[in-house]
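*Asks:* Next comes the structure file data_29.txt, holding compact mmCIF, C-alpha atoms and all ligand atoms.
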# COMPACT_ATOMS: atom_id res chain seq x y z
CA MET A 241 -78.87 -53.63 -14.49
CA ASN A 242 -79.82 -55.29 -17.73
CA PHE A 243 -79.91 -52.42 -20.17
CA SER A 244 -82.49 -52.66 -22.95
CA PHE A 245 -85.35 -55.15 -23.24
CA GLN A 246 -86.69 -57.85 -25.48
CA ILE A 247 -88.36 -56.40 -28.56
CA TYR A 248 -91.78 -57.81 -29.38
CA SER A 249 -92.96 -56.41 -32.71
CA PRO A 250 -94.73 -58.98 -34.87
CA GLU A 251 -95.67 -58.52 -38.53
CA GLU A 252 -99.42 -59.01 -38.83
CA GLN A 253 -101.47 -59.17 -42.01
CA ILE A 254 -104.35 -56.70 -42.34
CA HIS A 255 -107.31 -58.23 -44.11
CA ASP A 256 -109.61 -56.00 -46.10
CA SER A 257 -111.70 -56.76 -49.18
CA LYS A 258 -110.33 -53.55 -50.74
CA PHE A 259 -106.87 -55.12 -50.79
CA GLU A 260 -108.06 -58.49 -52.03
CA ASP A 261 -109.95 -56.88 -54.94
CA LYS A 262 -106.69 -55.37 -56.13
CA ASN A 263 -104.48 -58.35 -55.27
CA ILE A 264 -102.46 -56.38 -52.77
CA SER A 265 -101.33 -57.74 -49.43
CA VAL A 266 -100.74 -55.41 -46.50
CA TYR A 267 -98.85 -56.19 -43.31
CA ILE A 268 -98.23 -54.03 -40.26
CA LYS A 269 -95.16 -54.27 -38.04
CA ARG A 270 -96.37 -53.69 -34.52
CA ASP A 271 -93.68 -51.49 -33.01
CA ASP A 272 -96.53 -50.13 -30.89
CA LYS A 273 -96.24 -53.36 -28.89
CA ILE A 274 -92.64 -52.64 -27.85
CA HIS A 275 -93.72 -50.69 -24.76
CA PRO A 276 -96.83 -48.74 -23.69
CA PHE A 277 -94.90 -45.49 -23.03
CA ILE A 278 -91.44 -45.97 -24.59
CA SER A 279 -93.38 -46.60 -27.69
CA GLY A 280 -92.48 -47.64 -31.19
CA ASN A 281 -89.78 -45.75 -32.95
CA LYS A 282 -89.02 -43.70 -29.85
CA TRP A 283 -87.40 -46.70 -28.17
CA ARG A 284 -85.49 -47.50 -31.36
CA LYS A 285 -84.16 -43.93 -31.49
CA LEU A 286 -83.27 -43.81 -27.79
CA LYS A 287 -81.61 -47.19 -27.39
CA TYR A 288 -78.08 -46.44 -28.63
CA GLN A 289 -78.13 -42.93 -27.21
CA LEU A 290 -78.87 -44.27 -23.72
CA GLU A 291 -76.20 -46.89 -24.23
CA GLU A 292 -73.69 -44.17 -25.12
CA ALA A 293 -74.69 -42.10 -22.08
CA LYS A 294 -74.17 -45.17 -19.85
CA GLU A 295 -70.77 -45.83 -21.42
CA GLN A 296 -69.76 -42.25 -20.67
CA GLN A 297 -71.10 -42.72 -17.14
CA ILE A 298 -73.55 -39.88 -17.60
CA ASN A 299 -76.75 -40.33 -15.61
CA HIS A 300 -78.72 -37.23 -16.62
CA LEU A 301 -80.63 -36.99 -19.91
CA VAL A 302 -81.59 -33.57 -21.29
CA THR A 303 -84.03 -33.38 -24.15
CA PHE A 304 -86.57 -31.22 -25.97
CA GLY A 305 -90.12 -31.42 -27.28
CA GLY A 306 -93.61 -30.00 -27.70
CA ALA A 307 -96.26 -30.39 -25.02
CA TRP A 308 -97.76 -33.55 -26.59
CA SER A 309 -94.45 -35.11 -27.56
CA ASN A 310 -94.27 -38.92 -27.64
CA HIS A 311 -90.51 -38.50 -27.42
CA LEU A 312 -90.69 -36.70 -24.07
CA LEU A 313 -92.89 -39.41 -22.59
CA ALA A 314 -90.66 -42.17 -23.98
CA THR A 315 -87.54 -40.49 -22.59
CA ALA A 316 -89.19 -39.99 -19.19
CA ALA A 317 -90.24 -43.64 -18.98
CA ALA A 318 -86.90 -44.97 -20.27
CA ALA A 319 -84.98 -42.74 -17.84
CA ALA A 320 -87.02 -44.11 -14.94
CA GLN A 321 -86.53 -47.72 -16.06
CA PHE A 322 -82.80 -47.49 -16.75
CA GLY A 323 -81.70 -45.31 -13.85
CA PHE A 324 -81.26 -41.87 -15.42
CA ARG A 325 -82.48 -38.48 -14.25
CA ALA A 326 -84.27 -36.60 -17.01
CA THR A 327 -84.88 -32.95 -17.80
CA ALA A 328 -86.98 -31.72 -20.72
CA TYR A 329 -87.30 -28.31 -22.26
CA VAL A 330 -90.91 -27.98 -23.38
CA ARG A 331 -91.74 -25.59 -26.23
CA GLY A 332 -94.14 -22.77 -25.39
CA GLU A 333 -96.06 -21.44 -22.41
CA GLU A 334 -96.53 -23.60 -19.35
CA ILE A 335 -99.60 -25.79 -19.78
CA GLN A 336 -100.98 -28.95 -18.26
CA ASN A 337 -101.98 -32.09 -20.16
CA PRO A 338 -102.03 -35.87 -19.56
CA VAL A 339 -98.77 -36.49 -21.47
CA LEU A 340 -96.84 -33.94 -19.39
CA ASP A 341 -98.49 -35.29 -16.22
CA MET A 342 -97.23 -38.77 -17.10
CA CYS A 343 -93.73 -37.39 -17.84
CA ARG A 344 -93.69 -35.91 -14.31
CA LEU A 345 -94.99 -39.18 -12.89
CA PHE A 346 -91.93 -40.89 -14.36
CA GLY A 347 -89.84 -38.27 -12.55
CA MET A 348 -88.96 -35.99 -15.46
CA ASN A 349 -88.18 -32.36 -14.66
CA LEU A 350 -90.03 -30.06 -17.10
CA LEU A 351 -88.83 -26.57 -18.03
CA PHE A 352 -91.09 -24.48 -20.27
CA VAL A 353 -89.32 -22.15 -22.69
CA ASP A 354 -90.66 -19.60 -25.17
CA ARG A 355 -90.51 -20.50 -28.85
CA GLU A 356 -87.65 -18.11 -29.55
CA SER A 357 -85.26 -19.63 -26.96
CA TYR A 358 -86.47 -23.14 -27.83
CA ARG A 359 -85.15 -22.69 -31.35
CA ASN A 360 -81.53 -22.87 -30.16
CA LYS A 361 -81.44 -26.17 -28.30
CA GLU A 362 -77.64 -26.48 -28.16
CA GLU A 363 -77.46 -23.09 -26.49
CA LEU A 364 -80.10 -24.04 -23.90
CA PHE A 365 -78.10 -27.17 -23.19
CA GLN A 366 -74.73 -25.42 -22.97
CA ARG A 367 -76.04 -22.66 -20.77
CA GLY A 368 -77.73 -24.93 -18.26
CA HIS A 369 -75.73 -28.17 -18.22
CA ASN A 370 -72.28 -29.69 -18.01
CA PRO A 371 -71.63 -32.11 -20.90
CA GLN A 372 -69.54 -34.26 -18.54
CA THR A 373 -72.61 -35.03 -16.46
CA SER A 374 -75.57 -34.40 -18.79
CA TYR A 375 -76.36 -36.07 -22.13
CA PHE A 376 -77.98 -34.07 -24.95
CA ILE A 377 -80.80 -35.80 -26.83
CA ASP A 378 -82.25 -33.76 -29.69
CA GLU A 379 -85.96 -33.18 -30.25
CA GLY A 380 -87.72 -36.36 -31.35
CA GLY A 381 -84.53 -38.38 -30.62
CA LYS A 382 -83.06 -37.21 -33.93
CA SER A 383 -79.45 -38.43 -34.31
CA ASP A 384 -77.16 -40.84 -36.14
CA LEU A 385 -77.49 -43.28 -33.25
CA GLY A 386 -81.26 -42.92 -33.56
CA MET A 387 -81.03 -43.92 -37.22
CA LYS A 388 -78.86 -46.88 -36.31
CA GLY A 389 -81.57 -48.09 -33.92
CA CYS A 390 -84.29 -47.65 -36.57
CA ALA A 391 -82.28 -49.66 -39.12
CA GLU A 392 -82.88 -52.69 -36.87
CA ILE A 393 -86.54 -52.65 -37.91
CA ILE A 394 -85.28 -54.13 -41.19
CA SER A 395 -82.95 -56.78 -39.76
CA GLU A 396 -85.87 -58.12 -37.69
CA LEU A 397 -88.18 -58.72 -40.65
CA GLU A 398 -89.48 -62.25 -41.15
CA GLN A 399 -90.60 -61.70 -44.73
CA GLN A 400 -89.62 -59.57 -47.69
CA TYR A 401 -91.80 -56.76 -48.97
CA ASP A 402 -92.06 -54.69 -52.15
CA HIS A 403 -92.84 -51.49 -50.27
CA ILE A 404 -92.35 -50.19 -46.74
CA PHE A 405 -94.28 -47.18 -45.42
CA VAL A 406 -93.70 -45.08 -42.32
CA ALA A 407 -94.98 -41.75 -40.97
CA SER A 408 -92.32 -39.03 -40.71
CA GLY A 409 -91.71 -36.02 -38.49
CA THR A 410 -87.95 -35.44 -38.35
CA GLY A 411 -87.39 -38.21 -40.94
CA THR A 412 -84.97 -40.09 -38.67
CA THR A 413 -86.99 -43.28 -38.68
CA VAL A 414 -87.46 -43.50 -42.44
CA ALA A 415 -83.77 -42.66 -42.95
CA GLY A 416 -82.81 -45.50 -40.59
CA ILE A 417 -85.13 -47.84 -42.47
CA GLN A 418 -83.47 -46.89 -45.76
CA LEU A 419 -80.05 -47.59 -44.21
CA GLY A 420 -81.33 -51.00 -43.07
CA ILE A 421 -82.62 -51.76 -46.57
CA ALA A 422 -79.25 -50.83 -48.11
CA LYS A 423 -77.29 -52.79 -45.51
CA ASN A 424 -79.37 -55.92 -46.09
CA ASN A 425 -79.21 -55.52 -49.89
CA LEU A 426 -83.00 -55.55 -50.23
CA GLN A 427 -84.94 -54.26 -53.22
CA THR A 428 -87.78 -52.95 -51.05
CA LYS A 429 -88.94 -49.41 -51.93
CA VAL A 430 -89.03 -47.06 -48.95
CA HIS A 431 -91.89 -44.57 -48.58
CA SER A 432 -92.50 -41.75 -46.14
CA ILE A 433 -95.79 -40.07 -45.27
CA PRO A 434 -94.75 -36.74 -43.72
CA VAL A 435 -97.17 -35.44 -41.11
CA LEU A 436 -95.95 -31.86 -41.41
CA LYS A 437 -96.86 -29.40 -44.11
CA GLY A 438 -94.03 -28.34 -46.45
CA ALA A 439 -92.00 -31.47 -45.76
CA GLU A 440 -89.80 -31.07 -48.85
CA PHE A 441 -87.14 -30.03 -46.30
CA LEU A 442 -86.77 -33.76 -45.56
CA LYS A 443 -84.88 -34.17 -48.85
CA ASN A 444 -82.15 -31.84 -47.56
CA GLU A 445 -82.09 -33.73 -44.28
CA PHE A 446 -81.61 -37.05 -46.10
CA GLN A 447 -78.83 -35.51 -48.16
CA SER A 448 -77.11 -34.18 -45.03
CA TRP A 449 -77.23 -37.72 -43.60
CA ASN A 450 -75.58 -39.09 -46.78
CA ILE A 451 -78.74 -40.75 -48.00
CA ASP A 452 -79.72 -40.23 -51.62
CA PRO A 453 -83.13 -38.53 -51.40
CA LYS A 454 -84.22 -40.38 -54.54
CA LEU A 455 -84.27 -43.60 -52.52
CA ILE A 456 -87.09 -42.41 -50.27
CA THR A 457 -90.44 -41.56 -51.86
CA LEU A 458 -92.19 -38.71 -50.02
CA HIS A 459 -95.99 -38.68 -50.26
CA LEU A 460 -96.69 -35.03 -49.50
CA ASP A 461 -100.49 -35.04 -49.75
CA TYR A 462 -101.43 -36.62 -46.43
CA HIS A 463 -100.53 -33.99 -43.82
CA PHE A 464 -104.16 -32.74 -43.45
CA SER A 465 -103.00 -29.09 -43.19
CA GLY A 466 -100.14 -29.70 -40.79
CA TYR A 467 -98.77 -31.26 -37.66
CA ALA A 468 -101.49 -32.66 -35.36
CA LYS A 469 -104.20 -31.11 -37.58
CA VAL A 470 -107.21 -33.28 -38.39
CA LYS A 471 -110.11 -33.29 -40.88
CA PRO A 472 -113.44 -35.15 -40.75
CA ASP A 473 -112.36 -37.67 -43.41
CA LEU A 474 -109.26 -38.55 -41.37
CA ILE A 475 -111.33 -39.03 -38.21
CA ALA A 476 -113.87 -41.19 -40.09
CA PHE A 477 -111.06 -43.31 -41.53
CA ILE A 478 -109.43 -43.83 -38.12
CA LYS A 479 -112.75 -44.94 -36.56
CA SER A 480 -113.37 -47.39 -39.34
CA PHE A 481 -109.80 -48.74 -39.26
CA ILE A 482 -109.76 -49.30 -35.49
CA SER A 483 -113.16 -50.97 -35.41
CA SER A 484 -112.46 -53.25 -38.35
CA THR A 485 -108.91 -54.33 -37.42
CA GLY A 486 -108.69 -54.01 -33.62
CA ILE A 487 -105.46 -52.06 -34.09
CA MET A 488 -105.37 -48.71 -32.33
CA ILE A 489 -104.05 -45.73 -34.32
CA GLU A 490 -104.13 -41.98 -33.66
CA PRO A 491 -104.52 -38.83 -35.80
CA THR A 492 -101.03 -37.30 -35.57
CA TYR A 493 -98.91 -40.04 -37.14
CA THR A 494 -100.29 -43.52 -37.74
CA GLY A 495 -103.77 -42.31 -38.78
CA LYS A 496 -102.29 -40.17 -41.57
CA LEU A 497 -99.94 -43.01 -42.54
CA LEU A 498 -102.68 -45.58 -42.96
CA PHE A 499 -105.05 -43.09 -44.61
CA GLY A 500 -102.29 -42.51 -47.17
CA VAL A 501 -101.63 -46.19 -47.78
CA TYR A 502 -105.35 -46.98 -48.21
CA ASP A 503 -105.74 -44.03 -50.56
CA LEU A 504 -102.76 -45.10 -52.69
CA ILE A 505 -104.16 -48.63 -52.93
CA GLU A 506 -107.54 -47.21 -53.97
CA LYS A 507 -105.79 -45.11 -56.64
CA GLU A 508 -103.97 -48.22 -57.94
CA TYR A 509 -100.54 -46.81 -57.17
CA PHE A 510 -99.23 -50.36 -56.63
CA LYS A 511 -98.80 -53.16 -59.16
CA PRO A 512 -101.06 -56.19 -58.57
CA ASN A 513 -99.48 -58.79 -56.27
CA SER A 514 -97.50 -56.16 -54.39
CA LYS A 515 -96.70 -56.83 -50.77
CA ILE A 516 -96.69 -53.79 -48.52
CA LEU A 517 -95.41 -53.34 -44.97
CA VAL A 518 -96.64 -50.46 -42.82
CA ILE A 519 -94.66 -49.61 -39.68
CA HIS A 520 -96.86 -48.92 -36.65
CA THR A 521 -94.59 -46.45 -34.86
CA GLY A 522 -96.71 -46.39 -31.68
CA GLY A 523 -97.63 -43.06 -30.07
CA ILE A 524 -101.14 -44.03 -29.01
CA THR A 525 -101.03 -41.56 -26.10
CA GLY A 526 -101.36 -38.90 -28.81
CA LEU A 527 -105.04 -39.89 -28.89
CA LEU A 528 -105.46 -38.19 -25.52
CA GLY A 529 -105.11 -34.82 -27.22
CA HIS A 530 -107.73 -35.67 -29.86
CA LEU A 531 -110.46 -37.43 -27.88
CA GLN A 532 -112.91 -34.61 -28.53
CA HIS A 533 -113.05 -35.72 -32.19
CA PHE A 534 -114.08 -39.24 -31.27
CA ASN A 535 -116.88 -38.64 -28.80
CA ARG A 536 -119.76 -39.56 -31.03
C1 LIG A 601 -92.17 -39.37 -33.41
C2 LIG A 601 -93.07 -40.24 -34.20
C3 LIG A 601 -92.91 -40.41 -35.59
C4 LIG A 601 -91.91 -39.62 -36.41
O1 LIG A 601 -90.63 -40.17 -36.39
P1 LIG A 601 -89.40 -39.42 -37.11
O2 LIG A 601 -88.26 -40.30 -36.87
O3 LIG A 601 -89.24 -38.10 -36.36
O4 LIG A 601 -89.71 -39.19 -38.51
C5 LIG A 601 -93.76 -41.29 -36.24
N1 LIG A 601 -94.72 -41.96 -35.56
C6 LIG A 601 -94.91 -41.80 -34.23
C7 LIG A 601 -96.02 -42.53 -33.57
C8 LIG A 601 -94.09 -40.94 -33.51
O5 LIG A 601 -94.31 -40.78 -32.19
Is it possible to express this structure as structure tokens?
Ligand SMILES: *Cc1c(COP(=O)(O)O)cnc(C)c1O

*Replies:*
Amino acid sequence: MNFSFQIYSPEEQIHDSKFEDKNISVYIKRDDKIHPFISGNKWRKLKYQLEEAKEQQINHLVTFGGAWSNHLLATAAAAAQFGFRATAYVRGEEIQNPVLDMCRLFGMNLLFVDRESYRNKEELFQRGHNPQTSYFIDEGGKSDLGMKGCAEIISELEQQYDHIFVASGTGTTVAGIQLGIAKNNLQTKVHSIPVLKGAEFLKNEFQSWNIDPKLITLHLDYHFSGYAKVKPDLIAFIKSFISSTGIMIEPTYTGKLLFGVYDLIEKEYFKPNSKILVIHTGGITGLLGHLQHFNR
């Protein structure tokens, strides 16, 4: 079987009079176009881990996530496509939602675990699985191999930029981007918009991955009270962005990311003539959990 697939992720310019007034140009790299379910950064994080599992002749993937996790859906779809079985430990009480339904449709086995047991993922793995026959993938695809996959975002670029922005949960993607920038000797400044509250912990993560935290600028004011939380101004922004660009975004990650970038442009954070690249990390199925905010 041909492992992996052709990546289609063009860099598209976003036109807006707000940018032109300030002499700023904004581009978006469409990682959301990589795959409808193995979307965006989740494919980049999985790629080398699946390759390693194949090399070790392991055909069972075991992973972890919340009930709306883009990572679970991506792993389920990738497992089905590339001939793996997949099991996921889902945090919290058993519930039903469209993301979990789609995971099952791709053949993933779902095991719900209480928050206390979920905390120790290695122990859940060791207790239930043989490492000779099952491959551990951390929550969100977090790993060194995941970072390696994300660094490829940079080697694909057709143009150079002054600034690159990405939304962060575990920080794996932005760390990989920073590694790609360093490897390619670029001067581009790397920025993260964390979607969790209290995301200063990311600095320790970067340090533990041997990345100087000073190289990644964290913009801590765009979490809207926490993970998957929304506010009316975020919803209004998302509606206006989608209808004026034709690019679909959602409230958990890419909505907060673009809200942040637009706000920083408005506040004249960037020098005139700056060229900015925003990474669309995909995850549109996250919208399914927020449709009630968009029904008028
Ligand atoms: C998971 C996810 C992220 C966060 O990626 P990290 O590597 O965990 O920081 C960003 N955007 C989308 C759409 C995601 O699904």

*Asks:* Could you report the residues within 10 Å of ligand LIG 601 (chain A), using all atoms listed in the file, as an NGL selection string?

*Replies:* :A and (271-272 or 278-285 or 308-314 or 379-383 or 386-387 or 390 or 406-417 or 432-435 or 442 or 489-497 or 519-526)

*Asks:* Can you pull out every residue within 7 Å of segment 513-516 of chain A, counting all atoms listed in the file, but drop anything in the same chain fewer than 4 positions away, and send it as an MDAnalysis selection string?

*Replies:* chainID A and resid 263:267 401:404

*Asks:* Please identify all polymer residues within 12 Å of Gln418 of chain A, counting all atoms listed in the file, omitting same-chain residues fewer than 5 positions from it, and present them as a ChimeraX atom specification.

*Replies:* /A:387-388,390-395,403-406,411-413,423-432,446,449-457

*Asks:* Around the point (-93.6, -35.4, -14.4) in the file's coordinates, collect all residues with an atom within 12 Å, using all atoms listed in the file, and return them as a list of chain:residue names.

*Replies:* A:Leu312, A:Leu313, A:Thr315, A:Ala316, A:Ala317, A:Ala319, A:Ala320, A:Arg325, A:Ala326, A:Thr327, A:Ala328, A:Val330, A:Gln336, A:Asn337, A:Pro338, A:Val339, A:Leu340, A:Asp341, A:Met342, A:Cys343, A:Arg344, A:Leu345, A:Phe346, A:Gly347, A:Met348, A:Asn349, A:Leu350, A:Leu351

*Asks:* Neighbouring residues of Ile247 of chain A were defined as those with any atom within 9 Å, considering all atoms listed in the file; residues of the same chain fewer than 3 positions away were excluded. Please report them as a PyMOL selection string.

*Replies:* chain A and resi 244+271+273-275

*Asks:* Store the residues picked out above in a file with C-alpha atoms, as a PDB file, in the frame of the given file.

*Replies:*
ATOM      1  CA  SER A 244     -82.490 -52.660 -22.950  1.00  0.00           C
ATOM      2  CA  ASP A 271     -93.680 -51.490 -33.010  1.00  0.00           C
ATOM      3  CA  LYS A 273     -96.240 -53.360 -28.890  1.00  0.00           C
ATOM      4  CA  ILE A 274     -92.640 -52.640 -27.850  1.00  0.00           C
ATOM      5  CA  HIS A 275     -93.720 -50.690 -24.760  1.00  0.00           C
TER       6      HIS A 275
END

*Asks:* Need the shell around His255 of chain A: protein/DNA/RNA residues with any atom at most 10 Å away, counting only C-alpha atoms. Skip same-chain ones fewer than 2 positions apart. Format as an MDAnalysis selection string?

*Replies:* chainID A and resid 252:253 257:260 265:267 484:485

*Asks:* How many Å separate atom CA of Gly500 of chain A from atom CA of Asp378 of chain A?

*Replies:*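 Distance between the two atoms: 28.0 Å.
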
*Asks:* So how far away is atom CA of Gln296 of chain A from atom CA of Glu362 of chain A, in Å?

*Replies:*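 Between atom CA of Glu362 of chain A and atom CA of Gln296 of chain A the gap works out to 19.2 Å.
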
*Asks:* Rounded to one decimal in Å, what is the spacing between atom CA of Lys511 of chain A and atom CA of Leu498 of chain A?

*Replies:* 18.3 Å
